[in-house]
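Text of start.pdb, listed as PDB, C-alpha atoms and all ligand atoms:
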ATOM      1  CA  MET A 246     -23.326  -5.321  23.661
ATOM      2  CA  LYS A 247     -19.834  -4.955  22.177
ATOM      3  CA  ARG A 248     -18.317  -7.914  20.348
ATOM      4  CA  ILE A 249     -14.837  -9.079  21.313
ATOM      5  CA  LEU A 250     -12.745 -11.761  19.630
ATOM      6  CA  LEU A 251     -10.518 -13.669  22.027
ATOM      7  CA  ILE A 252      -7.452 -15.066  20.264
ATOM      8  CA  HIS A 253      -5.443 -17.641  22.191
ATOM      9  CA  THR A 254      -1.781 -18.396  21.517
ATOM     10  CA  GLY A 255      -0.706 -20.174  24.715
ATOM     11  CA  GLY A 256       1.490 -19.301  27.680
ATOM     12  CA  THR A 257       1.105 -19.882  31.416
ATOM     13  CA  PHE A 258      -2.412 -18.435  31.249
ATOM     14  CA  GLY A 259      -3.823 -21.647  29.809
ATOM     15  CA  MET A 260      -1.276 -24.154  31.032
ATOM     16  CA  ALA A 261      -1.993 -27.033  33.362
ATOM     17  CA  LEU A 262       0.255 -28.543  36.002
ATOM     18  CA  LYS A 263       1.743 -31.711  34.615
ATOM     19  CA  ASP A 264       4.613 -33.671  36.175
ATOM     20  CA  GLY A 265       5.637 -30.616  38.166
ATOM     21  CA  THR A 266       6.182 -28.487  35.080
ATOM     22  CA  LEU A 267       3.724 -26.289  33.307
ATOM     23  CA  ALA A 268       2.778 -27.747  29.957
ATOM     24  CA  PRO A 269       0.237 -26.404  27.520
ATOM     25  CA  GLY A 270      -3.056 -28.112  28.295
ATOM     26  CA  ALA A 271      -6.434 -28.105  26.595
ATOM     27  CA  PHE A 272      -7.320 -25.377  28.992
ATOM     28  CA  ILE A 273      -8.725 -22.641  26.845
ATOM     29  CA  GLN A 274     -11.860 -24.612  26.021
ATOM     30  CA  ARG A 275     -12.713 -24.292  29.684
ATOM     31  CA  ILE A 276     -12.061 -20.583  29.915
ATOM     32  CA  PHE A 277     -15.716 -19.668  30.265
ATOM     33  CA  GLU A 278     -16.083 -22.185  33.091
ATOM     34  CA  PHE A 279     -13.419 -20.333  35.048
ATOM     35  CA  VAL A 280     -14.331 -16.763  34.109
ATOM     36  CA  PRO A 281     -18.024 -16.828  33.193
ATOM     37  CA  GLU A 282     -18.381 -13.132  34.041
ATOM     38  CA  VAL A 283     -16.547 -12.020  30.871
ATOM     39  CA  LYS A 284     -19.745 -12.888  29.037
ATOM     40  CA  ARG A 285     -21.476 -10.119  30.987
ATOM     41  CA  ILE A 286     -18.968  -7.570  29.689
ATOM     42  CA  ALA A 287     -19.158  -8.409  26.004
ATOM     43  CA  GLU A 288     -20.291 -10.928  23.470
ATOM     44  CA  ILE A 289     -17.212 -13.106  23.094
ATOM     45  CA  GLU A 290     -16.067 -15.519  20.462
ATOM     46  CA  SER A 291     -12.755 -17.315  20.584
ATOM     47  CA  HIS A 292     -10.170 -18.454  18.104
ATOM     48  CA  ILE A 293      -7.149 -20.619  18.907
ATOM     49  CA  VAL A 294      -4.085 -19.733  16.843
ATOM     50  CA  ALA A 295      -1.734 -21.900  18.896
ATOM     51  CA  ASN A 296      -1.335 -23.292  22.393
ATOM     52  CA  ILE A 297       2.382 -23.012  22.966
ATOM     53  CA  ASP A 298       4.971 -21.579  25.298
ATOM     54  CA  SER A 299       5.641 -18.140  23.876
ATOM     55  CA  SER A 300       9.365 -18.935  23.606
ATOM     56  CA  ASN A 301       8.337 -20.860  20.492
ATOM     57  CA  ILE A 302       6.475 -17.975  18.882
ATOM     58  CA  GLY A 303       7.882 -16.719  15.587
ATOM     59  CA  ILE A 304       7.095 -14.636  12.534
ATOM     60  CA  GLU A 305       4.573 -17.233  11.281
ATOM     61  CA  HIS A 306       2.491 -16.794  14.452
ATOM     62  CA  TRP A 307       2.563 -12.988  14.154
ATOM     63  CA  VAL A 308       1.216 -13.369  10.628
ATOM     64  CA  LYS A 309      -1.481 -15.853  11.728
ATOM     65  CA  ILE A 310      -2.672 -13.509  14.492
ATOM     66  CA  ALA A 311      -2.765 -10.538  12.106
ATOM     67  CA  ASP A 312      -4.677 -12.630   9.569
ATOM     68  CA  VAL A 313      -7.293 -13.591  12.169
ATOM     69  CA  ILE A 314      -7.692  -9.936  13.184
ATOM     70  CA  SER A 315      -7.959  -8.819   9.585
ATOM     71  CA  ALA A 316     -10.509 -11.519   8.645
ATOM     72  CA  ASN A 317     -12.689 -10.573  11.627
ATOM     73  CA  TYR A 318     -11.994  -6.855  11.724
ATOM     74  CA  ASP A 319     -15.409  -5.647  10.646
ATOM     75  CA  SER A 320     -17.384  -8.093  12.807
ATOM     76  CA  PHE A 321     -15.753  -7.257  16.158
ATOM     77  CA  ASP A 322     -15.249  -4.096  18.220
ATOM     78  CA  GLY A 323     -12.034  -5.248  19.821
ATOM     79  CA  PHE A 324      -9.525  -8.078  20.069
ATOM     80  CA  VAL A 325      -7.942  -9.715  23.134
ATOM     81  CA  ILE A 326      -4.947 -11.984  22.639
ATOM     82  CA  THR A 327      -3.891 -14.384  25.395
ATOM     83  CA  HIS A 328      -0.150 -14.935  25.092
ATOM     84  CA  GLY A 329       2.805 -16.092  27.168
ATOM     85  CA  THR A 330       4.600 -13.285  28.913
ATOM     86  CA  ASP A 331       8.097 -14.238  27.732
ATOM     87  CA  THR A 332       7.729 -12.889  24.197
ATOM     88  CA  MET A 333       4.517 -10.888  24.522
ATOM     89  CA  THR A 334       6.420  -7.642  23.988
ATOM     90  CA  TYR A 335       7.795  -8.866  20.644
ATOM     91  CA  THR A 336       4.381 -10.009  19.387
ATOM     92  CA  ALA A 337       2.732  -6.758  20.480
ATOM     93  CA  THR A 338       5.464  -4.766  18.750
ATOM     94  CA  ALA A 339       5.194  -6.790  15.554
ATOM     95  CA  LEU A 340       1.400  -6.381  15.489
ATOM     96  CA  SER A 341       1.691  -2.643  16.082
ATOM     97  CA  PHE A 342       3.782  -2.385  12.888
ATOM     98  CA  MET A 343       1.704  -4.890  10.887
ATOM     99  CA  LEU A 344      -1.746  -3.462  11.612
ATOM    100  CA  ASP A 345      -1.429  -0.267   9.628
ATOM    101  CA  GLY A 346      -4.482   2.005   9.952
ATOM    102  CA  LEU A 347      -5.691   0.232  13.133
ATOM    103  CA  SER A 348      -8.642   2.009  14.741
ATOM    104  CA  LYS A 349      -9.794  -0.691  17.202
ATOM    105  CA  PRO A 350      -8.201  -2.047  20.396
ATOM    106  CA  VAL A 351      -5.926  -5.065  20.174
ATOM    107  CA  ILE A 352      -4.992  -6.038  23.738
ATOM    108  CA  LEU A 353      -2.532  -8.747  24.681
ATOM    109  CA  THR A 354      -2.625 -10.262  28.113
ATOM    110  CA  GLY A 355      -1.472 -13.345  29.979
ATOM    111  CA  SER A 356      -0.618 -14.291  33.519
ATOM    112  CA  GLN A 357       2.108 -15.305  35.921
ATOM    113  CA  ARG A 358      -0.010 -18.147  37.341
ATOM    114  CA  PRO A 359      -2.397 -20.359  35.348
ATOM    115  CA  LEU A 360      -6.103 -19.587  35.272
ATOM    116  CA  SER A 361      -6.839 -22.873  37.063
ATOM    117  CA  GLU A 362      -4.997 -21.849  40.233
ATOM    118  CA  ILE A 363      -6.777 -20.213  43.160
ATOM    119  CA  ARG A 364      -4.295 -17.374  43.566
ATOM    120  CA  THR A 365      -4.136 -16.599  39.862
ATOM    121  CA  ASP A 366      -3.674 -13.233  38.177
ATOM    122  CA  ALA A 367      -5.214 -14.616  34.971
ATOM    123  CA  ARG A 368      -8.812 -13.809  35.947
ATOM    124  CA  ASN A 369      -8.083 -10.166  36.740
ATOM    125  CA  ASN A 370      -5.987  -9.704  33.609
ATOM    126  CA  LEU A 371      -8.548 -11.338  31.314
ATOM    127  CA  ILE A 372     -11.599  -9.561  32.726
ATOM    128  CA  ASN A 373      -9.932  -6.153  32.503
ATOM    129  CA  ALA A 374      -8.428  -6.767  29.069
ATOM    130  CA  VAL A 375     -11.888  -7.681  27.760
ATOM    131  CA  GLU A 376     -13.445  -4.637  29.409
ATOM    132  CA  LEU A 377     -10.777  -2.316  27.967
ATOM    133  CA  ALA A 378     -11.227  -3.863  24.524
ATOM    134  CA  THR A 379     -14.783  -2.487  24.562
ATOM    135  CA  TYR A 380     -13.364   1.062  24.709
ATOM    136  CA  SER A 381     -12.277   3.045  21.715
ATOM    137  CA  ILE A 382      -8.496   2.588  22.006
ATOM    138  CA  PRO A 383      -6.731   2.541  18.622
ATOM    139  CA  GLU A 384      -3.619   0.772  19.911
ATOM    140  CA  VAL A 385      -1.922  -2.588  20.271
ATOM    141  CA  GLY A 386      -1.592  -2.720  24.043
ATOM    142  CA  ILE A 387      -0.448  -5.046  26.791
ATOM    143  CA  PHE A 388      -2.712  -5.234  29.824
ATOM    144  CA  PHE A 389      -1.064  -6.566  32.940
ATOM    145  CA  ASN A 390      -1.495  -6.019  36.651
ATOM    146  CA  ASN A 391      -4.030  -3.191  36.295
ATOM    147  CA  LYS A 392      -2.200  -1.191  33.645
ATOM    148  CA  LEU A 393      -2.619  -0.945  29.911
ATOM    149  CA  PHE A 394       0.621  -0.085  28.141
ATOM    150  CA  ARG A 395       1.457   0.591  24.513
ATOM    151  CA  GLY A 396       2.787  -2.856  23.626
ATOM    152  CA  ASN A 397       5.832  -1.721  21.670
ATOM    153  CA  ARG A 398       7.059   0.311  24.674
ATOM    154  CA  THR A 399       6.976  -2.551  27.140
ATOM    155  CA  LYS A 400       9.637  -4.780  28.652
ATOM    156  CA  LYS A 401       9.173  -7.914  30.692
ATOM    157  CA  LEU A 402      10.860  -6.873  33.915
ATOM    158  CA  ASN A 403       9.512  -9.214  36.552
ATOM    159  CA  ILE A 404       9.529 -13.008  36.511
ATOM    160  CA  TRP A 405       8.000 -13.473  39.958
ATOM    161  CA  GLY A 406       5.751 -10.509  40.729
ATOM    162  CA  PHE A 407       2.376  -9.968  39.126
ATOM    163  CA  ASP A 408       3.700  -6.731  37.609
ATOM    164  CA  ALA A 409       5.524  -8.607  34.838
ATOM    165  CA  PHE A 410       5.632  -5.627  32.472
ATOM    166  CA  ASP A 411       6.536  -2.011  32.564
ATOM    167  CA  SER A 412       6.794   0.712  29.979
ATOM    168  CA  PRO A 413       9.904   2.565  31.095
ATOM    169  CA  ASN A 414       9.844   5.430  28.637
ATOM    170  CA  TYR A 415       6.157   5.947  27.918
ATOM    171  CA  PRO A 416       3.186   6.493  30.257
ATOM    172  CA  PRO A 417       0.316   3.962  30.462
ATOM    173  CA  LEU A 418      -2.712   4.198  28.163
ATOM    174  CA  ALA A 419      -5.142   3.253  30.935
ATOM    175  CA  GLU A 420      -5.220   2.153  34.560
ATOM    176  CA  VAL A 421      -7.702   0.044  36.445
ATOM    177  CA  GLY A 422      -8.588   0.536  40.100
ATOM    178  CA  VAL A 423     -11.973   1.115  41.637
ATOM    179  CA  GLY A 424     -12.776   2.739  38.313
ATOM    180  CA  ILE A 425     -11.140   2.758  34.907
ATOM    181  CA  GLU A 426      -8.952   5.708  33.928
ATOM    182  CA  ILE A 427      -8.366   6.122  30.212
ATOM    183  CA  TYR A 428      -5.452   8.386  29.290
ATOM    184  CA  GLU A 429      -6.560   9.409  25.838
ATOM    185  CA  GLU A 430      -3.837  12.044  25.646
ATOM    186  CA  ASN A 431      -1.306   9.179  25.450
ATOM    187  CA  PHE A 432      -2.987   7.468  22.501
ATOM    188  CA  LEU A 433      -1.416   7.409  19.082
ATOM    189  CA  LYS A 434      -2.679  10.196  16.893
ATOM    190  CA  ARG A 435      -3.475   8.100  13.856
ATOM    191  CA  GLU A 436      -5.167   9.173  10.713
ATOM    192  CA  GLY A 437      -8.273   7.021  10.536
ATOM    193  CA  GLY A 438      -8.201   4.720   7.598
ATOM    194  CA  LYS A 439      -8.660   1.210   6.399
ATOM    195  CA  LEU A 440      -6.804  -1.617   8.077
ATOM    196  CA  ASN A 441      -3.894  -2.686   5.919
ATOM    197  CA  VAL A 442      -1.930  -5.721   7.119
ATOM    198  CA  LEU A 443       1.792  -5.639   6.319
ATOM    199  CA  LYS A 444       3.051  -9.177   6.671
ATOM    200  CA  ASN A 445       6.672  -9.336   5.574
ATOM    201  CA  PHE A 446       9.458  -9.719   8.086
ATOM    202  CA  SER A 447      13.112 -10.577   7.660
ATOM    203  CA  ASP A 448      14.795 -12.903  10.149
ATOM    204  CA  LYS A 449      18.243 -11.780   8.973
ATOM    205  CA  VAL A 450      18.640  -9.578  11.998
ATOM    206  CA  PHE A 451      20.971 -10.195  14.909
ATOM    207  CA  CYS A 452      21.324  -8.694  18.355
ATOM    208  CA  VAL A 453      24.600  -8.461  20.245
ATOM    209  CA  LYS A 454      24.874  -7.513  23.888
ATOM    210  CA  ILE A 455      28.280  -6.126  24.714
ATOM    211  CA  PHE A 456      30.200  -6.498  27.954
ATOM    212  CA  PRO A 457      33.672  -5.564  29.199
ATOM    213  CA  SER A 458      36.379  -7.451  27.247
ATOM    214  CA  VAL A 459      33.964  -8.667  24.562
ATOM    215  CA  ARG A 460      36.101 -10.236  21.810
ATOM    216  CA  VAL A 461      35.911  -8.171  18.664
ATOM    217  CA  ASN A 462      36.904 -11.102  16.438
ATOM    218  CA  TYR A 463      33.713 -12.925  17.471
ATOM    219  CA  LEU A 464      31.693  -9.994  16.167
ATOM    220  CA  MET A 465      33.828  -9.737  13.040
ATOM    221  CA  SER A 466      33.001 -13.348  12.167
ATOM    222  CA  LEU A 467      29.308 -12.415  12.108
ATOM    223  CA  LEU A 468      30.025 -10.221   9.096
ATOM    224  CA  ASN A 469      30.510 -13.366   7.000
ATOM    225  CA  LEU A 470      26.864 -14.310   7.551
ATOM    226  CA  ASP A 471      23.898 -12.907   5.617
ATOM    227  CA  VAL A 472      22.808 -10.660   8.495
ATOM    228  CA  GLN A 473      21.115  -7.518   7.139
ATOM    229  CA  GLY A 474      20.883  -5.592  10.389
ATOM    230  CA  PHE A 475      22.570  -5.631  13.785
ATOM    231  CA  VAL A 476      21.215  -4.303  17.050
ATOM    232  CA  ILE A 477      24.099  -3.653  19.437
ATOM    233  CA  GLU A 478      22.900  -3.393  23.015
ATOM    234  CA  ALA A 479      25.545  -1.021  24.302
ATOM    235  CA  PHE A 480      26.327   0.585  27.651
ATOM    236  CA  GLY A 481      24.506   3.588  29.100
ATOM    237  CA  SER A 482      23.752   6.304  26.578
ATOM    238  CA  GLY A 483      25.004   4.082  23.746
ATOM    239  CA  ASN A 484      28.689   3.727  24.507
ATOM    240  CA  LEU A 485      31.007   1.071  23.105
ATOM    241  CA  PRO A 486      34.680   0.227  23.618
ATOM    242  CA  ASN A 487      36.729   2.444  21.294
ATOM    243  CA  ILE A 488      40.338   1.905  22.344
ATOM    244  CA  GLU A 489      43.022  -0.006  20.431
ATOM    245  CA  GLY A 490      42.560  -3.767  20.733
ATOM    246  CA  ARG A 491      39.066  -3.457  22.210
ATOM    247  CA  SER A 492      37.397  -1.165  19.737
ATOM    248  CA  LEU A 493      34.120  -2.187  18.125
ATOM    249  CA  ILE A 494      34.368   0.707  15.671
ATOM    250  CA  PRO A 495      36.068  -1.389  12.928
ATOM    251  CA  PHE A 496      33.155  -3.843  13.207
ATOM    252  CA  ILE A 497      30.618  -1.042  12.671
ATOM    253  CA  LYS A 498      32.649   0.469   9.807
ATOM    254  CA  SER A 499      32.963  -2.881   8.012
ATOM    255  CA  ALA A 500      29.274  -3.700   8.516
ATOM    256  CA  VAL A 501      28.201  -0.341   7.089
ATOM    257  CA  GLU A 502      30.624  -0.724   4.150
ATOM    258  CA  MET A 503      28.982  -4.111   3.472
ATOM    259  CA  ASN A 504      25.593  -2.334   3.269
ATOM    260  CA  LYS A 505      24.394  -3.699   6.614
ATOM    261  CA  VAL A 506      22.543  -1.588   9.144
ATOM    262  CA  VAL A 507      23.874  -1.196  12.689
ATOM    263  CA  VAL A 508      21.659   0.325  15.372
ATOM    264  CA  ILE A 509      22.651   1.028  18.952
ATOM    265  CA  SER A 510      20.301   0.412  21.868
ATOM    266  CA  THR A 511      21.108   0.437  25.550
ATOM    267  CA  GLN A 512      21.370  -2.023  28.430
ATOM    268  CA  ALA A 513      19.847   0.632  30.689
ATOM    269  CA  VAL A 514      16.089   0.379  31.130
ATOM    270  CA  TYR A 515      15.186   4.047  31.505
ATOM    271  CA  GLY A 516      16.236   6.970  29.333
ATOM    272  CA  ARG A 517      17.446   7.293  25.782
ATOM    273  CA  VAL A 518      20.490   6.568  23.688
ATOM    274  CA  ASP A 519      22.424   9.710  22.810
ATOM    275  CA  LEU A 520      25.463   8.975  20.683
ATOM    276  CA  THR A 521      26.746  12.520  20.955
ATOM    277  CA  LEU A 522      27.201  12.485  24.727
ATOM    278  CA  TYR A 523      30.539  10.610  24.969
ATOM    279  CA  GLN A 524      33.364   9.897  22.542
ATOM    280  CA  CYS A 525      32.580   6.162  22.965
ATOM    281  CA  GLY A 526      29.190   6.819  21.366
ATOM    282  CA  LYS A 527      30.308   9.539  18.961
ATOM    283  CA  ASP A 528      32.844   7.201  17.319
ATOM    284  CA  ALA A 529      30.043   4.683  16.688
ATOM    285  CA  LEU A 530      27.878   7.412  15.194
ATOM    286  CA  ASP A 531      30.721   8.601  12.956
ATOM    287  CA  ALA A 532      31.265   5.003  11.846
ATOM    288  CA  GLY A 533      27.673   4.911  10.582
ATOM    289  CA  ALA A 534      25.680   3.422  13.482
ATOM    290  CA  LEU A 535      22.121   4.622  14.145
ATOM    291  CA  SER A 536      20.721   5.576  17.534
ATOM    292  CA  CYS A 537      17.641   3.809  18.943
ATOM    293  CA  GLY A 538      16.735   6.884  21.007
ATOM    294  CA  ASP A 539      14.249   5.779  23.667
ATOM    295  CA  MET A 540      13.232   2.623  21.790
ATOM    296  CA  THR A 541      13.663  -0.638  23.691
ATOM    297  CA  THR A 542      16.054  -3.251  22.336
ATOM    298  CA  GLU A 543      13.013  -5.491  21.709
ATOM    299  CA  ALA A 544      11.314  -2.802  19.610
ATOM    300  CA  ALA A 545      14.543  -2.099  17.704
ATOM    301  CA  ILE A 546      14.935  -5.779  16.785
ATOM    302  CA  VAL A 547      11.338  -6.128  15.560
ATOM    303  CA  LYS A 548      11.544  -2.790  13.739
ATOM    304  CA  LEU A 549      14.607  -3.932  11.782
ATOM    305  CA  MET A 550      12.899  -7.269  11.011
ATOM    306  CA  PHE A 551       9.848  -5.358   9.795
ATOM    307  CA  LEU A 552      11.726  -2.754   7.756
ATOM    308  CA  PHE A 553      13.960  -5.326   6.040
ATOM    309  CA  GLY A 554      10.844  -7.403   5.343
ATOM    310  CA  ARG A 555       9.150  -4.390   3.829
ATOM    311  CA  TYR A 556      12.016  -2.796   1.926
ATOM    312  CA  GLY A 557      14.248  -5.810   1.242
ATOM    313  CA  GLY A 558      17.826  -4.856   0.457
ATOM    314  CA  HIS A 559      17.044  -1.116   0.153
ATOM    315  CA  THR A 560      19.258  -0.217   3.064
ATOM    316  CA  GLU A 561      18.873   3.536   2.533
ATOM    317  CA  LYS A 562      15.110   3.222   2.870
ATOM    318  CA  VAL A 563      15.489   1.069   6.000
ATOM    319  CA  VAL A 564      17.796   3.704   7.529
ATOM    320  CA  GLU A 565      15.386   6.510   6.630
ATOM    321  CA  GLU A 566      12.362   4.677   8.090
ATOM    322  CA  PHE A 567      14.238   3.557  11.206
ATOM    323  CA  TYR A 568      14.320   7.148  12.388
ATOM    324  CA  LYS A 569      10.540   7.561  11.975
ATOM    325  CA  PRO A 570       8.080   6.325  14.593
ATOM    326  CA  LEU A 571       5.934   3.659  12.914
ATOM    327  CA  ALA A 572       3.495   3.084  15.767
ATOM    328  CA  GLY A 573       4.669   5.283  18.627
ATOM    329  CA  GLU A 574       7.575   2.982  19.536
ATOM    330  CA  VAL A 575      10.020   5.875  19.792
ATOM    331  CA  SER A 576      10.049   9.593  20.377
ATOM    332  CA  PHE A 577      12.974  11.291  18.690
TER     333      PHE A 577
HETATM  334  N1  LIG B   1       7.012 -19.447  29.487
HETATM  335  C1  LIG B   1       5.702 -18.813  29.526
HETATM  336  C2  LIG B   1       5.411 -18.248  28.160
HETATM  337  O1  LIG B   1       5.874 -17.191  27.834
HETATM  338  C3  LIG B   1       5.672 -17.768  30.574
HETATM  339  C4  LIG B   1       4.343 -17.067  30.735
HETATM  340  O2  LIG B   1       3.394 -17.263  30.048
HETATM  341  O3  LIG B   1       4.281 -16.233  31.663
HETATM  342  O4  LIG B   1       4.721 -18.882  27.396
END
Would you write the structure of this file as structure tokens?
Amino acid sequence: MKRILLIHTGGTFGMALKDGTLAPGAFIQRIFEFVPEVKRIAEIESHIVANIDSSNIGIEHWVKIADVISANYDSFDGFVITHGTDTMTYTATALSFMLDGLSKPVILTGSQRPLSEIRTDARNNLINAVELATYSIPEVGIFFNNKLFRGNRTKKLNIWGFDAFDSPNYPPLAEVGVGIEIYEENFLKREGGKLNVLKNFSDKVFCVKIFPSVRVNYLMSLLNLDVQGFVIEAFGSGNLPNIEGRSLIPFIKSAVEMNKVVVISTQAVYGRVDLTLYQCGKDALDAGALSCGDMTTEAAIVKLMFLFGRYGGHTEKVVEEFYKPLAGEVSF
């Protein structure tokens, strides 16, 4: 029987109804009472890293999870992480960058309704995540609503429906129906190697979503802070205001002159940023901004945090690495 380590971090999955709001409860201890059948799929041990709403997850939790995986890497065949849906994408993306040389499945899952409720999606998600973690899938994935996605390609798109996640620009890694379909052709082609955990992140990264009439002086004031990298979530294919009085180009120029990195992602969900398509993107490119291609804004933020953590103030190295896929988060 395969051995799976279940790592709990919190989220709705293990919450209990308290005073009308969902609060983290001591629920996980009772997980095997609610889903005893997982023990028929694999030999399971559990480890609780935290029991919090995922809005409170930060770099220190990413590091703790990676440490638990690394300490138990040789003794288990796969890892399942129960996590709140709100920031699951960020954690999955961070782990995909941290777990260099990964050759075993690391699958995050959670639920829209707690495990204790009759009409819960937690049972289905947990059972299938555990089952998929017994397969040879060398990826950090998110399993939700019968699909396994590459985690760093996902977005939380639904608050109400059971299909909380989608992977707009990359096909699923597996699907579950009557049977289990594994799409090996979509797996990362990694050179097998030893697991090497890269733990440094910088939190000196900031994300700005633009909108019509956004005040440029607000952005300019951000330049006085110690931000190392900006993600600008722009319009469409990466377009920004570029006319007199509205233009964001002076902001980009000044940031680049100050040795900061500016990357452009998009507010659109599907498709890729192309800064050569319109003058409103071309001016940003000429000012020194980088294109996120088909990377999500979430992946771009975590990638900058990771690259600045790894390369410190070596902006040129950060720029060079930003254009390389680290764990299949982008296809240029
Ligand atoms: N607020 C919860 C969390 O992310 C939502 C969920 O788990 O679905 O922890």
Q. Given the file above and the PyMOL selection byres (((not hetatm)) within 10 of (chain B and resi 1)), which residues are selected, and can you give them as an MDAnalysis selection string?
A. chainID A and resid 254:260 267:269 296:302 327:333 354:359 401 404:405 407 409
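The residue that comes closest to Gly386 in chain A, out of A:Glu574, A:Lys569, A:Leu493, A:Leu464 and on the basis of all atoms listed in the file, is A:Glu574.
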**Q.** Closest of A:Tyr415, A:Phe446, A:Phe451, A:Phe577 to Tyr556 in chain A - atom-to-atom distances counting only C-alpha atoms
**A.**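 Of A:Tyr415, A:Phe446, A:Phe451, A:Phe577, the one nearest Tyr556 in chain A, counting only C-alpha atoms, is A:Phe446.
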Q | Residue neighbourhood Gly303 in chain A, 10 Å, all atoms listed in the file, exclusion window fewer than 5 positions, as a ChimeraX atom specification | A | /A:308,332,335-336,448
Could those selected residues go to a file with C-alpha atoms, as a PDB file, keeping the file's coordinate frame?
ATOM      1  CA  VAL A 308       1.216 -13.369  10.628  1.00  0.00           C
ATOM      2  CA  THR A 332       7.729 -12.889  24.197  1.00  0.00           C
ATOM      3  CA  TYR A 335       7.795  -8.866  20.644  1.00  0.00           C
ATOM      4  CA  THR A 336       4.381 -10.009  19.387  1.00  0.00           C
ATOM      5  CA  ASP A 448      14.795 -12.903  10.149  1.00  0.00           C
TER       6      ASP A 448
END
Q. Which residues fall under the PyMOL selection byres (((chain A and resi 483-486) around 12) and not hetatm) in this file, as an MDAnalysis selection string?
A. chainID A and resid 453:461 476:482 487:497 508:513 516:530 532 534:539 542
Q: Return as a list of chain:residue names the set of residues that the PyMOL selection byres (((chain A and resi 422) around 12) and not hetatm) yields on the displayed structure.
A: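 What the PyMOL selection byres (((chain A and resi 422) around 12) and not hetatm) grabs from the file is A:Asn369, A:Asn373, A:Asn390, A:Asn391, A:Lys392, A:Leu393, A:Ala419, A:Glu420, A:Val421, A:Val423, A:Gly424, A:Ile425, A:Glu426, A:Ile427.
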Go ahead and write the selection's residues with C-alpha atoms as a PDB file, in the coordinates of the input.
ATOM      1  CA  ASN A 369      -8.083 -10.166  36.740  1.00  0.00           C
ATOM      2  CA  ASN A 373      -9.932  -6.153  32.503  1.00  0.00           C
ATOM      3  CA  ASN A 390      -1.495  -6.019  36.651  1.00  0.00           C
ATOM      4  CA  ASN A 391      -4.030  -3.191  36.295  1.00  0.00           C
ATOM      5  CA  LYS A 392      -2.200  -1.191  33.645  1.00  0.00           C
ATOM      6  CA  LEU A 393      -2.619  -0.945  29.911  1.00  0.00           C
ATOM      7  CA  ALA A 419      -5.142   3.253  30.935  1.00  0.00           C
ATOM      8  CA  GLU A 420      -5.220   2.153  34.560  1.00  0.00           C
ATOM      9  CA  VAL A 421      -7.702   0.044  36.445  1.00  0.00           C
ATOM     10  CA  VAL A 423     -11.973   1.115  41.637  1.00  0.00           C
ATOM     11  CA  GLY A 424     -12.776   2.739  38.313  1.00  0.00           C
ATOM     12  CA  ILE A 425     -11.140   2.758  34.907  1.00  0.00           C
ATOM     13  CA  GLU A 426      -8.952   5.708  33.928  1.00  0.00           C
ATOM     14  CA  ILE A 427      -8.366   6.122  30.212  1.00  0.00           C
TER      15      ILE A 427
END
Excluding Leu377 in chain A and its own-chain neighbours fewer than 2 positions away, which residues fall within 9 Å of it when counting all atoms listed in the file? Please give them as a short mmCIF file (atom, residue, chain, number, x, y, z; two decimals) with C-alpha atoms, in the frame of the given file.
data_model
loop_
_atom_site.label_atom_id
_atom_site.label_comp_id
_atom_site.auth_asym_id
_atom_site.auth_seq_id
_atom_site.Cartn_x
_atom_site.Cartn_y
_atom_site.Cartn_z
CA GLY A 323 -12.03 -5.25 19.82
CA PRO A 350 -8.20 -2.05 20.40
CA ILE A 352 -4.99 -6.04 23.74
CA ILE A 372 -11.60 -9.56 32.73
CA ASN A 373 -9.93 -6.15 32.50
CA ALA A 374 -8.43 -6.77 29.07
CA VAL A 375 -11.89 -7.68 27.76
CA THR A 379 -14.78 -2.49 24.56
CA TYR A 380 -13.36 1.06 24.71
CA SER A 381 -12.28 3.04 21.72
CA ILE A 382 -8.50 2.59 22.01
CA PHE A 388 -2.71 -5.23 29.82
CA LEU A 393 -2.62 -0.94 29.91
CA ALA A 419 -5.14 3.25 30.94
CA ILE A 425 -11.14 2.76 34.91
#
Q | Among the residues A:Gly554, A:Tyr428, A:Ser361, A:Ile314, the one that comes closest to Arg275 in chain A [using all atoms listed in the file] | A | A:Ser361
Q | A:Thr338, A:Arg248, A:Glu282, A:Met343 ranked by distance to Phe394 in chain A, top pick (using all atoms listed in the file) | A |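 Nearest candidate to Phe394 in chain A out of A:Thr338, A:Arg248, A:Glu282, A:Met343: A:Thr338.
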Q. Quick one, how far is CA of Met246 in chain A from CA of Ala287 in chain A?
A.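 The value is 5.7 Å.
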Q. Taking into account only C-alpha atoms, which residue in the set A:Val501, A:Ile249, A:Ile293, A:Ala261 is nearest to Leu360 in chain A?
A. A:Ala261
